[in-house]
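Q: I'm passing along query.pdb; it holds PDB, C-alpha atoms, pLDDT in the B column.
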```pdb
MODEL        1
ATOM      1  CA  MET A1357      -9.147   5.545  -3.830  1.00 53.00           C
ATOM      2  CA  ALA A1358      -9.276   7.858  -6.790  1.00 49.00           C
ATOM      3  CA  SER A1359      -6.450  10.331  -6.777  1.00 53.00           C
ATOM      4  CA  ALA A1360      -3.946  11.433  -9.381  1.00 52.00           C
ATOM      5  CA  ALA A1361      -1.422  11.621  -6.545  1.00 87.00           C
ATOM      6  CA  LEU A1362      -1.663   7.863  -5.840  1.00 91.00           C
ATOM      7  CA  THR A1363       0.921   5.662  -7.510  1.00 95.00           C
ATOM      8  CA  THR A1364       1.604   1.977  -7.006  1.00 96.00           C
ATOM      9  CA  ARG A1365       4.447  -0.289  -7.977  1.00 96.00           C
ATOM     10  CA  ARG A1366       5.584  -3.818  -7.344  1.00 97.00           C
ATOM     11  CA  ALA A1367       7.707  -4.229  -4.224  1.00 97.00           C
ATOM     12  CA  VAL A1368      11.218  -5.622  -4.509  1.00 97.00           C
ATOM     13  CA  VAL A1369      13.570  -6.997  -1.849  1.00 97.00           C
ATOM     14  CA  ALA A1370      15.190  -3.570  -1.437  1.00 96.00           C
ATOM     15  CA  ASP A1371      11.796  -2.223  -0.265  1.00 96.00           C
ATOM     16  CA  ALA A1372      11.712  -4.424   2.847  1.00 96.00           C
ATOM     17  CA  GLU A1373      12.895  -1.680   5.236  1.00 95.00           C
ATOM     18  CA  MET A1374      10.252   0.782   4.033  1.00 94.00           C
ATOM     19  CA  MET A1375       7.552  -1.875   4.247  1.00 95.00           C
ATOM     20  CA  VAL A1376       8.596  -2.653   7.815  1.00 94.00           C
ATOM     21  CA  ARG A1377       8.411   1.065   8.674  1.00 92.00           C
ATOM     22  CA  ASN A1378       4.809   1.027   7.374  1.00 91.00           C
ATOM     23  CA  ALA A1379       4.083  -2.044   9.484  1.00 91.00           C
ATOM     24  CA  ILE A1380       5.675  -0.604  12.631  1.00 90.00           C
ATOM     25  CA  LEU A1381       3.586   2.575  12.344  1.00 89.00           C
ATOM     26  CA  GLY A1382       0.448   0.443  12.202  1.00 86.00           C
ATOM     27  CA  ILE A1383       1.568  -1.963  14.895  1.00 87.00           C
ATOM     28  CA  ALA A1384       2.285   0.956  17.248  1.00 86.00           C
ATOM     29  CA  THR A1385      -1.472   1.573  17.341  1.00 85.00           C
ATOM     30  CA  TRP A1386      -2.007  -1.936  18.705  1.00 85.00           C
ATOM     31  CA  ARG A1387      -0.999  -0.685  22.188  1.00 83.00           C
ATOM     32  CA  ALA A1388      -4.689  -0.126  22.875  1.00 85.00           C
ATOM     33  CA  PHE A1389      -5.222  -3.887  23.100  1.00 85.00           C
ATOM     34  CA  THR A1390      -1.859  -5.588  23.620  1.00 85.00           C
ATOM     35  CA  PRO A1391      -0.453  -6.631  26.996  1.00 83.00           C
ATOM     36  CA  ALA A1392       1.646  -3.886  28.597  1.00 83.00           C
ATOM     37  CA  ASP A1393       4.831  -5.962  28.263  1.00 85.00           C
ATOM     38  CA  TRP A1394       4.226  -6.966  24.611  1.00 82.00           C
ATOM     39  CA  THR A1395       7.066  -6.093  22.254  1.00 81.00           C
ATOM     40  CA  GLY A1396       6.572  -8.360  19.253  1.00 79.00           C
ATOM     41  CA  PRO A1397       9.469  -9.209  16.965  1.00 81.00           C
ATOM     42  CA  THR A1398      12.281  -6.744  16.446  1.00 86.00           C
ATOM     43  CA  ALA A1399      12.397  -4.479  13.422  1.00 89.00           C
ATOM     44  CA  GLY A1400      15.483  -6.389  12.271  1.00 92.00           C
ATOM     45  CA  HIS A1401      13.590  -9.675  12.351  1.00 91.00           C
ATOM     46  CA  ARG A1402      10.659  -8.107  10.483  1.00 91.00           C
ATOM     47  CA  VAL A1403      13.022  -6.808   7.779  1.00 95.00           C
ATOM     48  CA  GLU A1404      14.674 -10.224   7.478  1.00 96.00           C
ATOM     49  CA  MET A1405      11.301 -11.970   7.096  1.00 94.00           C
ATOM     50  CA  THR A1406       9.981  -9.385   4.627  1.00 96.00           C
ATOM     51  CA  ARG A1407      13.135  -9.775   2.513  1.00 97.00           C
ATOM     52  CA  TYR A1408      12.689 -13.539   2.617  1.00 96.00           C
ATOM     53  CA  PHE A1409       9.084 -13.366   1.426  1.00 95.00           C
ATOM     54  CA  LEU A1410       9.842 -10.784  -1.272  1.00 96.00           C
ATOM     55  CA  SER A1411      12.619 -13.025  -2.602  1.00 96.00           C
ATOM     56  CA  ARG A1412      10.242 -15.960  -3.111  1.00 94.00           C
ATOM     57  CA  SER A1413       9.039 -16.512  -6.667  1.00 94.00           C
ATOM     58  CA  ASP A1414       5.466 -17.024  -5.399  1.00 93.00           C
ATOM     59  CA  ALA A1415       5.336 -13.684  -3.547  1.00 95.00           C
ATOM     60  CA  PHE A1416       3.985 -10.347  -4.685  1.00 97.00           C
ATOM     61  CA  GLY A1417       4.043  -7.023  -2.897  1.00 97.00           C
ATOM     62  CA  LEU A1418       2.462  -3.747  -3.933  1.00 97.00           C
ATOM     63  CA  LEU A1419       3.600  -0.370  -2.624  1.00 97.00           C
ATOM     64  CA  ALA A1420       1.403   2.735  -2.605  1.00 97.00           C
ATOM     65  CA  ASP A1421       2.751   6.270  -2.563  1.00 94.00           C
ATOM     66  CA  VAL A1422       0.622   9.376  -2.258  1.00 91.00           C
ATOM     67  CA  ALA A1423       2.224  12.539  -3.600  1.00 88.00           C
ATOM     68  CA  GLY A1424       5.586  10.759  -3.523  1.00 87.00           C
ATOM     69  CA  GLU A1425       5.344   9.711   0.142  1.00 90.00           C
ATOM     70  CA  PRO A1426       5.063   6.057   1.266  1.00 93.00           C
ATOM     71  CA  ALA A1427       1.463   5.432   2.289  1.00 95.00           C
ATOM     72  CA  GLY A1428       0.895   1.674   2.466  1.00 96.00           C
ATOM     73  CA  HIS A1429       1.473  -1.754   1.002  1.00 97.00           C
ATOM     74  CA  PHE A1430       0.408  -5.358   0.855  1.00 97.00           C
ATOM     75  CA  LEU A1431       2.438  -8.557   0.671  1.00 97.00           C
ATOM     76  CA  MET A1432       1.084 -11.923  -0.457  1.00 97.00           C
ATOM     77  CA  PHE A1433       2.634 -15.348  -0.904  1.00 95.00           C
ATOM     78  CA  ARG A1434       1.596 -18.940  -1.550  1.00 93.00           C
ATOM     79  CA  ALA A1435       0.662 -20.983   1.496  1.00 89.00           C
ATOM     80  CA  THR A1436       3.121 -23.790   2.187  1.00 82.00           C
ATOM     81  CA  TRP A1437       1.032 -25.789   4.643  1.00 75.00           C
ATOM     82  CA  ASP A1438      -2.101 -27.870   4.147  1.00 65.00           C
ATOM     83  CA  GLU A1439      -3.598 -25.634   1.442  1.00 63.00           C
ATOM     84  CA  PRO A1440      -0.841 -25.437  -1.194  1.00 65.00           C
ATOM     85  CA  ASN A1441      -3.223 -23.810  -3.657  1.00 86.00           C
ATOM     86  CA  SER A1442      -4.082 -20.920  -1.377  1.00 93.00           C
ATOM     87  CA  VAL A1443      -2.493 -17.549  -0.845  1.00 95.00           C
ATOM     88  CA  ILE A1444      -1.702 -15.680   2.343  1.00 95.00           C
ATOM     89  CA  LEU A1445      -2.246 -11.965   2.736  1.00 97.00           C
ATOM     90  CA  GLY A1446       0.801 -11.598   4.966  1.00 92.00           C
ATOM     91  CA  GLN A1447       0.712  -7.830   5.333  1.00 94.00           C
ATOM     92  CA  LEU A1448      -1.705  -5.052   4.561  1.00 97.00           C
ATOM     93  CA  PHE A1449      -0.622  -1.855   6.240  1.00 95.00           C
ATOM     94  CA  VAL A1450      -1.586   1.744   5.627  1.00 95.00           C
ATOM     95  CA  ARG A1451       0.210   4.531   7.440  1.00 93.00           C
ATOM     96  CA  PRO A1452      -2.114   6.198   9.973  1.00 91.00           C
ATOM     97  CA  ALA A1453      -2.135   9.491   8.042  1.00 91.00           C
ATOM     98  CA  TRP A1454      -3.942   7.662   5.224  1.00 92.00           C
ATOM     99  CA  TRP A1455      -6.542   5.844   7.335  1.00 91.00           C
ATOM    100  CA  GLY A1456     -10.077   6.598   6.200  1.00 91.00           C
ATOM    101  CA  THR A1457      -9.003   7.715   2.716  1.00 93.00           C
ATOM    102  CA  GLY A1458      -9.911   4.518   0.897  1.00 94.00           C
ATOM    103  CA  LEU A1459      -6.272   3.481   0.463  1.00 96.00           C
ATOM    104  CA  ALA A1460      -6.715   0.277   2.486  1.00 96.00           C
ATOM    105  CA  GLU A1461      -9.722  -0.638   0.330  1.00 96.00           C
ATOM    106  CA  HIS A1462      -7.691   0.090  -2.815  1.00 96.00           C
ATOM    107  CA  LEU A1463      -4.823  -2.136  -1.643  1.00 97.00           C
ATOM    108  CA  HIS A1464      -7.220  -4.886  -0.574  1.00 98.00           C
ATOM    109  CA  ALA A1465      -8.953  -4.816  -3.970  1.00 97.00           C
ATOM    110  CA  ALA A1466      -5.557  -4.995  -5.691  1.00 98.00           C
ATOM    111  CA  PHE A1467      -4.653  -8.020  -3.539  1.00 98.00           C
ATOM    112  CA  VAL A1468      -7.899  -9.817  -4.445  1.00 98.00           C
ATOM    113  CA  GLU A1469      -7.453  -9.001  -8.129  1.00 97.00           C
ATOM    114  CA  ARG A1470      -3.859 -10.274  -8.141  1.00 97.00           C
ATOM    115  CA  ALA A1471      -4.701 -13.433  -6.166  1.00 97.00           C
ATOM    116  CA  ARG A1472      -7.540 -14.278  -8.548  1.00 96.00           C
ATOM    117  CA  ALA A1473      -5.355 -13.563 -11.596  1.00 95.00           C
ATOM    118  CA  ASP A1474      -2.733 -15.933 -10.146  1.00 94.00           C
ATOM    119  CA  GLY A1475      -5.418 -18.633  -9.918  1.00 93.00           C
ATOM    120  CA  TYR A1476      -5.726 -18.941  -6.153  1.00 94.00           C
ATOM    121  CA  PRO A1477      -9.153 -20.218  -5.072  1.00 93.00           C
ATOM    122  CA  LEU A1478      -8.694 -19.344  -1.386  1.00 94.00           C
ATOM    123  CA  ALA A1479      -6.884 -16.712   0.678  1.00 95.00           C
ATOM    124  CA  TRP A1480      -5.927 -16.651   4.349  1.00 94.00           C
ATOM    125  CA  LEU A1481      -4.830 -13.961   6.771  1.00 94.00           C
ATOM    126  CA  ALA A1482      -4.205 -13.548  10.477  1.00 92.00           C
ATOM    127  CA  THR A1483      -4.948 -10.394  12.434  1.00 92.00           C
ATOM    128  CA  PRO A1484      -4.816  -9.805  16.185  1.00 91.00           C
ATOM    129  CA  ALA A1485      -7.990 -11.229  17.727  1.00 90.00           C
ATOM    130  CA  ALA A1486      -8.443  -8.036  19.762  1.00 90.00           C
ATOM    131  CA  HIS A1487      -8.043  -5.740  16.731  1.00 91.00           C
ATOM    132  CA  ALA A1488     -11.735  -4.951  16.230  1.00 91.00           C
ATOM    133  CA  ARG A1489     -11.180  -2.297  13.533  1.00 91.00           C
ATOM    134  CA  ALA A1490      -9.112  -4.622  11.334  1.00 94.00           C
ATOM    135  CA  ARG A1491     -11.518  -7.497  11.845  1.00 94.00           C
ATOM    136  CA  ARG A1492     -14.479  -5.322  10.785  1.00 95.00           C
ATOM    137  CA  PHE A1493     -12.525  -4.169   7.710  1.00 96.00           C
ATOM    138  CA  TYR A1494     -11.917  -7.735   6.554  1.00 97.00           C
ATOM    139  CA  GLU A1495     -15.398  -8.987   7.445  1.00 96.00           C
ATOM    140  CA  ARG A1496     -17.008  -6.172   5.373  1.00 97.00           C
ATOM    141  CA  ARG A1497     -14.973  -7.463   2.433  1.00 97.00           C
ATOM    142  CA  GLY A1498     -16.181 -11.050   2.704  1.00 96.00           C
ATOM    143  CA  TRP A1499     -13.491 -12.622   4.902  1.00 97.00           C
ATOM    144  CA  ARG A1500     -14.867 -15.191   7.334  1.00 95.00           C
ATOM    145  CA  ALA A1501     -13.274 -16.022  10.651  1.00 89.00           C
ATOM    146  CA  ASP A1502     -12.070 -19.573  10.953  1.00 76.00           C
ATOM    147  CA  THR A1503     -12.735 -21.254  14.286  1.00 58.00           C
ATOM    148  CA  LEU A1504      -9.036 -21.348  15.027  1.00 62.00           C
ATOM    149  CA  LEU A1505      -7.225 -18.765  17.133  1.00 69.00           C
ATOM    150  CA  GLU A1506      -3.471 -19.050  17.187  1.00 68.00           C
ATOM    151  CA  GLU A1507      -0.744 -17.468  19.257  1.00 73.00           C
ATOM    152  CA  HIS A1508       1.705 -15.575  17.047  1.00 72.00           C
ATOM    153  CA  GLU A1509       4.321 -13.039  18.054  1.00 74.00           C
ATOM    154  CA  GLY A1510       2.880 -13.106  21.570  1.00 78.00           C
ATOM    155  CA  LEU A1511      -0.690 -12.257  20.534  1.00 86.00           C
ATOM    156  CA  ALA A1512      -3.860 -14.252  19.995  1.00 86.00           C
ATOM    157  CA  MET A1513      -4.577 -14.081  16.278  1.00 89.00           C
ATOM    158  CA  ALA A1514      -7.871 -14.511  14.456  1.00 91.00           C
ATOM    159  CA  ILE A1515      -7.497 -16.560  11.284  1.00 92.00           C
ATOM    160  CA  TYR A1516      -9.677 -15.533   8.338  1.00 95.00           C
ATOM    161  CA  GLY A1517     -10.400 -17.141   4.995  1.00 94.00           C
ATOM    162  CA  LEU A1518     -11.770 -15.705   1.749  1.00 96.00           C
ATOM    163  CA  ARG A1519     -13.034 -17.716  -1.227  1.00 94.00           C
ATOM    164  CA  LEU A1520     -11.608 -16.159  -4.372  1.00 94.00           C
ATOM    165  CA  GLY A1521     -12.942 -18.503  -7.027  1.00 79.00           C
ATOM    166  CA  SER A1522     -16.177 -20.241  -7.757  1.00 56.00           C
TER     167      SER A1522
ENDMDL
END
```
Please render this file's structure as structure tokens.

A:
Amino acid sequence: MASAALTTRRAVVADAEMMVRNAILGIATWRAFTPADWTGPTAGHRVEMTRYFLSRSDAFGLLADVAGEPAGHFLMFRATWDEPNSVILGQLFVRPAWWGTGLAEHLHAAFVERARADGYPLAWLATPAAHARARRFYERRGWRADTLLEEHEGLAMAIYGLRLGS
């Protein structure tokens, strides 16, 4: 996204509430494919978890503003399970007003650049299995679906991996 109005900065713990507002705006669009009774975690829980991840020394978040208004973000952190040398793209959300502008691509490219600079050879993410638009976005950028589907926050999630190094 090429625009003089776009600015980015590193996220800090105090940004958790704004990041969760970004996420909730995106998650609200999931109603098209979630069960009618699905609620997901509370905003309070999301803020608590985002603060936790932002406080970790292995985490990095990037906020994007357009003309001074919050527009999107990503959050990444080191995996703590069987791939300790991999990174998780835990959040990539763009507010609906900025869909189709190239902002998501810009944030994704910044994630990949940061993950490579930090020396991670592999990245992982989870997105709702029924979220066709998100899945196409990641697949166009080289992410490959793992064979594993997991239940998370009451939804079936597709797990994707991306090789970052040679």

Q: Where does the PyMOL selection byres ((chain A and resi 1365-1374) around 7) land in this file, that is, which residues does it pick, as a ChimeraX atom specification?

A: /A:1363-1364,1375-1378,1403,1406-1407,1410-1411,1417-1420

Q: I'd like the neighbourhood of A:His1464 as a PyMOL selection string, where a residue qualifies if any of its atoms comes within 8 Å (using only C-alpha atoms), though same-chain residues fewer than 4 positions away should be ignored.

A: chain A and resi 1430+1448+1460+1468

Q: Report the residues retrieved by the PyMOL selection byres ((chain A and resi 1397) around 12) from the displayed file, expressed as an MDAnalysis selection string.

A: chainID A and resid 1376 1379:1380 1383 1394:1396 1398:1405 1508:1511

Q: Where does the PyMOL selection byres ((chain A and resi 1476) around 10) land in this file, that is, which residues does it pick, as a list of chain:residue names?

A: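 This file, filtered by the PyMOL selection byres ((chain A and resi 1476) around 10), leaves A:Arg1434, A:Pro1440, A:Asn1441, A:Ser1442, A:Val1443, A:Ile1444, A:Val1468, A:Arg1470, A:Ala1471, A:Arg1472, A:Ala1473, A:Asp1474, A:Gly1475, A:Pro1477, A:Leu1478, A:Ala1479, A:Arg1519, A:Leu1520, A:Gly1521.
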
Q: Generate a file of the selected residues that holds C-alpha atoms, formatted as a PDB file, keeping the file's coordinate frame.

A:
```pdb
ATOM      1  CA  ARG A1434       1.596 -18.940  -1.550  1.00 93.00           C
ATOM      2  CA  PRO A1440      -0.841 -25.437  -1.194  1.00 65.00           C
ATOM      3  CA  ASN A1441      -3.223 -23.810  -3.657  1.00 86.00           C
ATOM      4  CA  SER A1442      -4.082 -20.920  -1.377  1.00 93.00           C
ATOM      5  CA  VAL A1443      -2.493 -17.549  -0.845  1.00 95.00           C
ATOM      6  CA  ILE A1444      -1.702 -15.680   2.343  1.00 95.00           C
ATOM      7  CA  VAL A1468      -7.899  -9.817  -4.445  1.00 98.00           C
ATOM      8  CA  ARG A1470      -3.859 -10.274  -8.141  1.00 97.00           C
ATOM      9  CA  ALA A1471      -4.701 -13.433  -6.166  1.00 97.00           C
ATOM     10  CA  ARG A1472      -7.540 -14.278  -8.548  1.00 96.00           C
ATOM     11  CA  ALA A1473      -5.355 -13.563 -11.596  1.00 95.00           C
ATOM     12  CA  ASP A1474      -2.733 -15.933 -10.146  1.00 94.00           C
ATOM     13  CA  GLY A1475      -5.418 -18.633  -9.918  1.00 93.00           C
ATOM     14  CA  PRO A1477      -9.153 -20.218  -5.072  1.00 93.00           C
ATOM     15  CA  LEU A1478      -8.694 -19.344  -1.386  1.00 94.00           C
ATOM     16  CA  ALA A1479      -6.884 -16.712   0.678  1.00 95.00           C
ATOM     17  CA  ARG A1519     -13.034 -17.716  -1.227  1.00 94.00           C
ATOM     18  CA  LEU A1520     -11.608 -16.159  -4.372  1.00 94.00           C
ATOM     19  CA  GLY A1521     -12.942 -18.503  -7.027  1.00 79.00           C
TER      20      GLY A1521
END
```

Q: Skip A:Gly1424 itself and residues of its chain fewer than 2 positions away, then list as a PyMOL selection string all residues within 9 Å of it, counting all atoms listed in the file.

A: chain A and resi 1361-1363+1421-1422+1426-1427

Q: So how far away is atom CA of A:Asp1414 from atom CA of A:Leu1445, in Å?

A: 12.3 Å

Q: So what do you get for atom CA of A:Phe1493 versus atom CA of A:His1429, distance-wise?

A: 15.7 Å

Q: So, counting all atoms listed in the file, which residue among A:Ser1413, A:Met1432, A:Glu1507, A:Asp1393 is closest to A:Ala1466?

A: A:Met1432

Q: Write out as a ChimeraX atom specification the residues lying within 9 Å of A:Leu1481, counting only C-alpha atoms and excluding same-chain residues fewer than 3 positions away.

A: /A:1443-1447,1499,1514-1518

Q: Given 6 Å of margin on each side, can you work out the centre and size in Å (one decimal) of an axis-aligned box holding every listed atom of stretch 1373-1390 of chain A, as JSON?

A:
```
{"center_x": 3.8, "center_y": -1.5, "center_z": 13.8, "size_x": 30.1, "size_y": 20.2, "size_z": 31.6}
```

Q: Grab the atom CA of A:Thr1436 to atom CA of A:Leu1463 distance for me, in Å with one decimal place.

A: 23.4 Å

Q: Using all atoms listed in the file, which residue out of A:Phe1449, A:Ala1388, A:Ala1465, A:Leu1381 lies closest to A:His1487?

A: A:Ala1388
